[in-house]
Each structure stands twice: as C-alpha cells, then as structure tokens.
file coords_24.pdb (PDB, C-alpha atoms)
MODEL        1
ATOM      1  CA  MET A   1     124.576   3.650 138.144  1.00  0.00           C
ATOM      2  CA  SER A   2     125.107   1.396 141.122  1.00  0.00           C
ATOM      3  CA  CYS A   3     122.622  -1.208 142.282  1.00  0.00           C
ATOM      4  CA  ALA A   4     123.067   0.171 145.803  1.00  0.00           C
ATOM      5  CA  GLU A   5     122.843   3.829 144.795  1.00  0.00           C
ATOM      6  CA  ASN A   6     119.595   4.384 146.682  1.00  0.00           C
ATOM      7  CA  VAL A   7     120.453   2.156 149.628  1.00  0.00           C
ATOM      8  CA  SER A   8     121.568   4.005 152.740  1.00  0.00           C
ATOM      9  CA  GLY A   9     124.907   3.252 154.352  1.00  0.00           C
ATOM     10  CA  GLN A  10     123.077   1.898 157.377  1.00  0.00           C
ATOM     11  CA  GLU A  11     121.173  -0.603 155.216  1.00  0.00           C
ATOM     12  CA  ARG A  12     124.346  -1.610 153.312  1.00  0.00           C
ATOM     13  CA  GLY A  13     126.025  -2.191 156.672  1.00  0.00           C
ATOM     14  CA  LYS A  14     123.176  -4.418 157.819  1.00  0.00           C
ATOM     15  CA  ILE A  15     123.421  -6.434 154.589  1.00  0.00           C
ATOM     16  CA  LEU A  16     127.191  -6.917 154.918  1.00  0.00           C
ATOM     17  CA  ILE A  17     126.863  -7.924 158.571  1.00  0.00           C
ATOM     18  CA  LYS A  18     124.088 -10.383 157.622  1.00  0.00           C
ATOM     19  CA  ILE A  19     126.432 -11.913 155.034  1.00  0.00           C
ATOM     20  CA  ALA A  20     129.089 -12.268 157.772  1.00  0.00           C
ATOM     21  CA  GLU A  21     126.547 -14.004 160.014  1.00  0.00           C
ATOM     22  CA  LEU A  22     125.543 -16.377 157.202  1.00  0.00           C
ATOM     23  CA  ILE A  23     129.199 -17.202 156.503  1.00  0.00           C
ATOM     24  CA  GLU A  24     129.690 -18.004 160.198  1.00  0.00           C
ATOM     25  CA  GLU A  25     126.454 -20.001 160.329  1.00  0.00           C
ATOM     26  CA  HIS A  26     127.502 -22.113 157.332  1.00  0.00           C
ATOM     27  CA  ALA A  27     131.233 -22.211 158.095  1.00  0.00           C
ATOM     28  CA  ASP A  28     131.419 -26.012 158.077  1.00  0.00           C
ATOM     29  CA  GLU A  29     129.797 -26.310 154.651  1.00  0.00           C
ATOM     30  CA  LEU A  30     131.872 -23.462 153.208  1.00  0.00           C
ATOM     31  CA  ALA A  31     135.084 -24.987 154.574  1.00  0.00           C
ATOM     32  CA  ALA A  32     134.150 -28.364 153.041  1.00  0.00           C
ATOM     33  CA  LEU A  33     133.538 -26.674 149.675  1.00  0.00           C
ATOM     34  CA  GLU A  34     136.853 -24.833 149.947  1.00  0.00           C
ATOM     35  CA  THR A  35     138.600 -28.128 150.683  1.00  0.00           C
ATOM     36  CA  LEU A  36     136.944 -29.817 147.703  1.00  0.00           C
ATOM     37  CA  ASP A  37     137.655 -26.838 145.455  1.00  0.00           C
ATOM     38  CA  ASN A  38     141.385 -26.487 145.985  1.00  0.00           C
ATOM     39  CA  GLY A  39     142.559 -29.311 148.223  1.00  0.00           C
ATOM     40  CA  LYS A  40     143.285 -27.090 151.192  1.00  0.00           C
ATOM     41  CA  ALA A  41     143.179 -28.797 154.570  1.00  0.00           C
ATOM     42  CA  TYR A  42     139.708 -28.561 156.101  1.00  0.00           C
ATOM     43  CA  SER A  43     141.128 -27.338 159.417  1.00  0.00           C
ATOM     44  CA  ILE A  44     142.847 -24.395 157.717  1.00  0.00           C
ATOM     45  CA  ALA A  45     139.807 -23.515 155.627  1.00  0.00           C
ATOM     46  CA  ARG A  46     137.496 -23.734 158.668  1.00  0.00           C
ATOM     47  CA  GLY A  47     139.852 -22.241 161.232  1.00  0.00           C
ATOM     48  CA  PHE A  48     141.185 -19.355 159.191  1.00  0.00           C
ATOM     49  CA  ASP A  49     139.886 -18.666 155.688  1.00  0.00           C
ATOM     50  CA  ILE A  50     136.153 -18.827 156.347  1.00  0.00           C
ATOM     51  CA  LEU A  51     136.404 -16.922 159.621  1.00  0.00           C
ATOM     52  CA  GLU A  52     138.530 -14.221 157.992  1.00  0.00           C
ATOM     53  CA  ALA A  53     136.018 -13.875 155.163  1.00  0.00           C
ATOM     54  CA  ALA A  54     133.254 -13.335 157.739  1.00  0.00           C
ATOM     55  CA  ALA A  55     135.463 -10.860 159.627  1.00  0.00           C
ATOM     56  CA  THR A  56     136.062  -8.866 156.438  1.00  0.00           C
ATOM     57  CA  PHE A  57     132.320  -8.546 155.747  1.00  0.00           C
ATOM     58  CA  ARG A  58     131.647  -7.649 159.395  1.00  0.00           C
ATOM     59  CA  TYR A  59     134.420  -5.023 159.482  1.00  0.00           C
ATOM     60  CA  TYR A  60     133.223  -3.196 156.384  1.00  0.00           C
ATOM     61  CA  GLY A  61     129.601  -3.567 157.455  1.00  0.00           C
ATOM     62  CA  GLY A  62     130.526  -1.488 160.475  1.00  0.00           C
ATOM     63  CA  TRP A  63     132.026   1.232 158.273  1.00  0.00           C
ATOM     64  CA  ALA A  64     129.169   1.450 155.762  1.00  0.00           C
ATOM     65  CA  ASP A  65     127.442   4.405 157.419  1.00  0.00           C
ATOM     66  CA  LYS A  66     130.565   6.164 158.657  1.00  0.00           C
ATOM     67  CA  ASP A  67     132.157   7.267 155.379  1.00  0.00           C
ATOM     68  CA  GLY A  68     131.352  10.965 155.375  1.00  0.00           C
ATOM     69  CA  GLY A  69     133.154  14.068 154.252  1.00  0.00           C
ATOM     70  CA  LYS A  70     135.806  15.996 156.132  1.00  0.00           C
ATOM     71  CA  VAL A  71     136.523  19.660 156.623  1.00  0.00           C
ATOM     72  CA  ILE A  72     140.238  20.283 156.240  1.00  0.00           C
ATOM     73  CA  ASP A  73     141.675  23.388 157.891  1.00  0.00           C
ATOM     74  CA  VAL A  74     143.603  25.192 155.135  1.00  0.00           C
ATOM     75  CA  ASN A  75     143.605  28.748 156.468  1.00  0.00           C
ATOM     76  CA  THR A  76     141.098  31.292 157.793  1.00  0.00           C
ATOM     77  CA  SER A  77     140.000  32.532 154.365  1.00  0.00           C
ATOM     78  CA  LYS A  78     139.421  29.127 152.724  1.00  0.00           C
ATOM     79  CA  LEU A  79     137.360  26.052 153.394  1.00  0.00           C
ATOM     80  CA  CYS A  80     138.326  22.665 151.993  1.00  0.00           C
ATOM     81  CA  TYR A  81     135.653  19.971 152.205  1.00  0.00           C
ATOM     82  CA  THR A  82     136.115  16.443 150.899  1.00  0.00           C
ATOM     83  CA  VAL A  83     133.241  14.138 150.048  1.00  0.00           C
ATOM     84  CA  HIS A  84     133.651  10.416 149.451  1.00  0.00           C
ATOM     85  CA  GLN A  85     131.318   9.321 146.673  1.00  0.00           C
ATOM     86  CA  SER A  86     130.971   6.114 144.708  1.00  0.00           C
ATOM     87  CA  ILE A  87     131.664   6.675 141.029  1.00  0.00           C
ATOM     88  CA  GLY A  88     130.962   3.419 139.245  1.00  0.00           C
ATOM     89  CA  VAL A  89     131.476  -0.279 138.793  1.00  0.00           C
ATOM     90  CA  VAL A  90     134.759  -2.025 139.497  1.00  0.00           C
ATOM     91  CA  GLY A  91     135.543  -5.357 137.877  1.00  0.00           C
ATOM     92  CA  GLN A  92     138.143  -7.950 138.694  1.00  0.00           C
ATOM     93  CA  ILE A  93     139.376 -10.974 136.822  1.00  0.00           C
ATOM     94  CA  ILE A  94     140.520 -13.963 138.842  1.00  0.00           C
ATOM     95  CA  PRO A  95     142.810 -16.403 137.016  1.00  0.00           C
ATOM     96  CA  TRP A  96     141.764 -20.019 136.724  1.00  0.00           C
ATOM     97  CA  ASN A  97     144.716 -21.241 138.793  1.00  0.00           C
ATOM     98  CA  VAL A  98     144.400 -18.849 141.700  1.00  0.00           C
ATOM     99  CA  SER A  99     144.136 -21.658 144.235  1.00  0.00           C
ATOM    100  CA  ALA A 100     147.504 -22.967 143.080  1.00  0.00           C
ATOM    101  CA  GLN A 101     149.043 -19.508 143.461  1.00  0.00           C
ATOM    102  CA  SER A 102     147.572 -18.469 146.783  1.00  0.00           C
ATOM    103  CA  ASP A 103     146.437 -19.920 150.079  1.00  0.00           C
ATOM    104  CA  TYR A 104     143.897 -17.115 150.282  1.00  0.00           C
ATOM    105  CA  GLN A 105     141.547 -17.825 147.393  1.00  0.00           C
ATOM    106  CA  GLU A 106     138.494 -16.220 148.934  1.00  0.00           C
ATOM    107  CA  ARG A 107     140.609 -13.243 150.066  1.00  0.00           C
ATOM    108  CA  ILE A 108     141.100 -12.432 146.385  1.00  0.00           C
ATOM    109  CA  PHE A 109     137.348 -11.866 146.120  1.00  0.00           C
ATOM    110  CA  ASP A 110     136.465 -10.265 149.414  1.00  0.00           C
ATOM    111  CA  TRP A 111     139.461  -7.977 150.099  1.00  0.00           C
ATOM    112  CA  PRO A 112     138.841  -5.758 147.052  1.00  0.00           C
ATOM    113  CA  SER A 113     135.102  -6.351 146.696  1.00  0.00           C
ATOM    114  CA  VAL A 114     133.643  -5.861 150.169  1.00  0.00           C
ATOM    115  CA  PRO A 115     134.854  -2.237 150.505  1.00  0.00           C
ATOM    116  CA  LEU A 116     133.153  -1.500 147.177  1.00  0.00           C
ATOM    117  CA  LEU A 117     129.886  -2.999 148.366  1.00  0.00           C
ATOM    118  CA  ASP A 118     130.338  -1.024 151.575  1.00  0.00           C
ATOM    119  CA  ASP A 119     130.468   2.178 149.519  1.00  0.00           C
ATOM    120  CA  GLY A 120     127.443   1.214 147.442  1.00  0.00           C
ATOM    121  CA  MET A 121     129.365   0.268 144.313  1.00  0.00           C
ATOM    122  CA  GLU A 122     128.993  -2.866 142.236  1.00  0.00           C
ATOM    123  CA  ALA A 123     131.703  -5.507 142.110  1.00  0.00           C
ATOM    124  CA  ARG A 124     131.751  -7.867 139.161  1.00  0.00           C
ATOM    125  CA  THR A 125     133.996 -10.874 139.241  1.00  0.00           C
ATOM    126  CA  CYS A 126     134.950 -13.180 136.409  1.00  0.00           C
ATOM    127  CA  ALA A 127     136.805 -16.398 137.079  1.00  0.00           C
ATOM    128  CA  LEU A 128     138.803 -17.483 134.047  1.00  0.00           C
ATOM    129  CA  HIS A 129     138.977 -21.184 133.218  1.00  0.00           C
ATOM    130  CA  ARG A 130     141.237 -22.860 130.732  1.00  0.00           C
TER     131      ARG A 130
ENDMDL
END
call {"tool": "encode", "arguments": {"input": "coords_24.pdb", "output": "structure tokens"}}
result
Amino acid sequence: MSCAENVSGQERGKILIKIAELIEEHADELAALETLDNGKAYSIARGFDILEAAATFRYYGGWADKDGGKVIDVNTSKLCYTVHQSIGVVGQIIPWNVSAQSDYQERIFDWPSVPLLDDGMEARTCALHR
C-alpha cells in the first residue's frame, strides 16, 4: 500500500512542483551543503546539480496527472487497453562512497525516485556508511 495511494495525480504533481520551488528557493544553502558533503566546487553544485534536481522534480510534477491508459489498435475484433498502475514500494541502496564515484550524487536519488513519487509509489533510500 502506497502512502500516496489516495492522492490524485494532480495533487502529487503540485507536491513535486512545490519541492522544485523549494529547491530553487534554497539553492544557495543546498549548494553549500553539497560542497561541504563531498568537496564539489560550489559553482558546479549551485550552477548545475541543484538546478537539475529542481528540474527533475518539476518535470515529473508536470507528468503526474497525465499517466493514463492507452487503447492500442490490434484489429477490428479485439480491443487492447493498457493501464499504468503503481504496484508497490521500490527501494534503493546508495553506497557510502557515492560522492567519490560520481559527480551527480543527488542524481542518484532523484533520477530513480521522483518518477516513483510521480506515480504515487513510495521510494525508500538507505545510504550505507562504513
């Protein structure tokens, strides 16, 4: 059972867009934290990473109420209808040294997780530490 099971796509979209607005509003603080966290240059964190995180939330916020079914024309005697439905919780494990492996640390969270939130599914993340 998803925490967003009874939340309409329109409401999920508004929530994701609000998150994007908050990321943009606090971009300086988030970039400073990113710099402190993994030593990335502030200008790169502020000019790219944080803005791309906001763009990802905004993009999927726009799709939240547009994921409907499709009628696929098979032939005149058959009807094929597809329905996109959320089916559960997806988890991800982020290794402790991800910042050393990738310049896109926050991408590792938001690329797979935001589409799930967009569809009303839960995303659970665990960061491993040594």
call {"tool": "atom_distance", "arguments": {"input": "coords_24.pdb", "atom1": "CA of Lys40 (chain A)", "atom2": "CA of Ala54 (chain A)"}}
result
18.2 Å
call {"tool": "residues_around", "arguments": {"input": "coords_24.pdb", "residues": "Gly9 (chain A)", "least_positions_apart": "3", "cutoff": "7 Å", "atoms": "only C-alpha atoms", "output": "VMD selection string"}}
result
chain A and resid 12 to 13 64 to 65
call {"tool": "atom_distance", "arguments": {"input": "coords_24.pdb", "atom1": "CA of Leu16 (chain A)", "atom2": "CA of Phe57 (chain A)"}}
result
5.4 Å
call {"tool": "residues_around", "arguments": {"input": "coords_24.pdb", "residues": "Ala32 (chain A)", "least_positions_apart": "2", "cutoff": "12 Å", "atoms": "all atoms listed in the file", "output": "ChimeraX atom specification"}}
result
/A:26-30,34-47,49-50
call {"tool": "closest_residue", "arguments": {"input": "coords_24.pdb", "among": "A:Val74, A:Asn6, A:Thr56, A:Leu33", "to": "Ile19 (chain A)", "atoms": "all atoms listed in the file"}}
result
A:Thr56
call {"tool": "residues_around", "arguments": {"input": "coords_24.pdb", "residues": "Lys66 (chain A)", "least_positions_apart": "6", "cutoff": "12 Å", "atoms": "all atoms listed in the file", "output": "ChimeraX atom specification"}}
result
/A:8-10,12-13,59-60,84,118-119
call {"tool": "atom_distance", "arguments": {"input": "coords_24.pdb", "atom1": "CA of Glu24 (chain A)", "atom2": "CA of Gly61 (chain A)"}}
result
14.7 Å
call {"tool": "resolve_selection", "arguments": {"input": "coords_24.pdb", "expression": "the PyMOL selection byres ((chain A and resi 70) around 12)", "output": "JSON, numbers by chain"}}
result
{"A": [66, 67, 68, 69, 71, 72, 73, 79, 80, 81, 82, 83, 84]}
call {"tool": "write_last_selection", "arguments": {"input": "coords_24.pdb", "atoms": "C-alpha atoms", "output": "PDB file, keeping the file's coordinate frame"}}
result
ATOM      1  CA  LYS A  66     130.565   6.164 158.657  1.00  0.00           C
ATOM      2  CA  ASP A  67     132.157   7.267 155.379  1.00  0.00           C
ATOM      3  CA  GLY A  68     131.352  10.965 155.375  1.00  0.00           C
ATOM      4  CA  GLY A  69     133.154  14.068 154.252  1.00  0.00           C
ATOM      5  CA  VAL A  71     136.523  19.660 156.623  1.00  0.00           C
ATOM      6  CA  ILE A  72     140.238  20.283 156.240  1.00  0.00           C
ATOM      7  CA  ASP A  73     141.675  23.388 157.891  1.00  0.00           C
ATOM      8  CA  LEU A  79     137.360  26.052 153.394  1.00  0.00           C
ATOM      9  CA  CYS A  80     138.326  22.665 151.993  1.00  0.00           C
ATOM     10  CA  TYR A  81     135.653  19.971 152.205  1.00  0.00           C
ATOM     11  CA  THR A  82     136.115  16.443 150.899  1.00  0.00           C
ATOM     12  CA  VAL A  83     133.241  14.138 150.048  1.00  0.00           C
ATOM     13  CA  HIS A  84     133.651  10.416 149.451  1.00  0.00           C
TER      14      HIS A  84
END
call {"tool": "closest_residue", "arguments": {"input": "coords_24.pdb", "among": "A:Arg58, A:Ala53, A:Phe48, A:Ala31", "to": "Lys14 (chain A)", "atoms": "only C-alpha atoms"}}
result
A:Arg58
call {"tool": "closest_residue", "arguments": {"input": "coords_24.pdb", "among": "A:Leu22, A:Glu52, A:Lys78, A:Ile17", "to": "Leu117 (chain A)", "atoms": "all atoms listed in the file"}}
result
A:Ile17
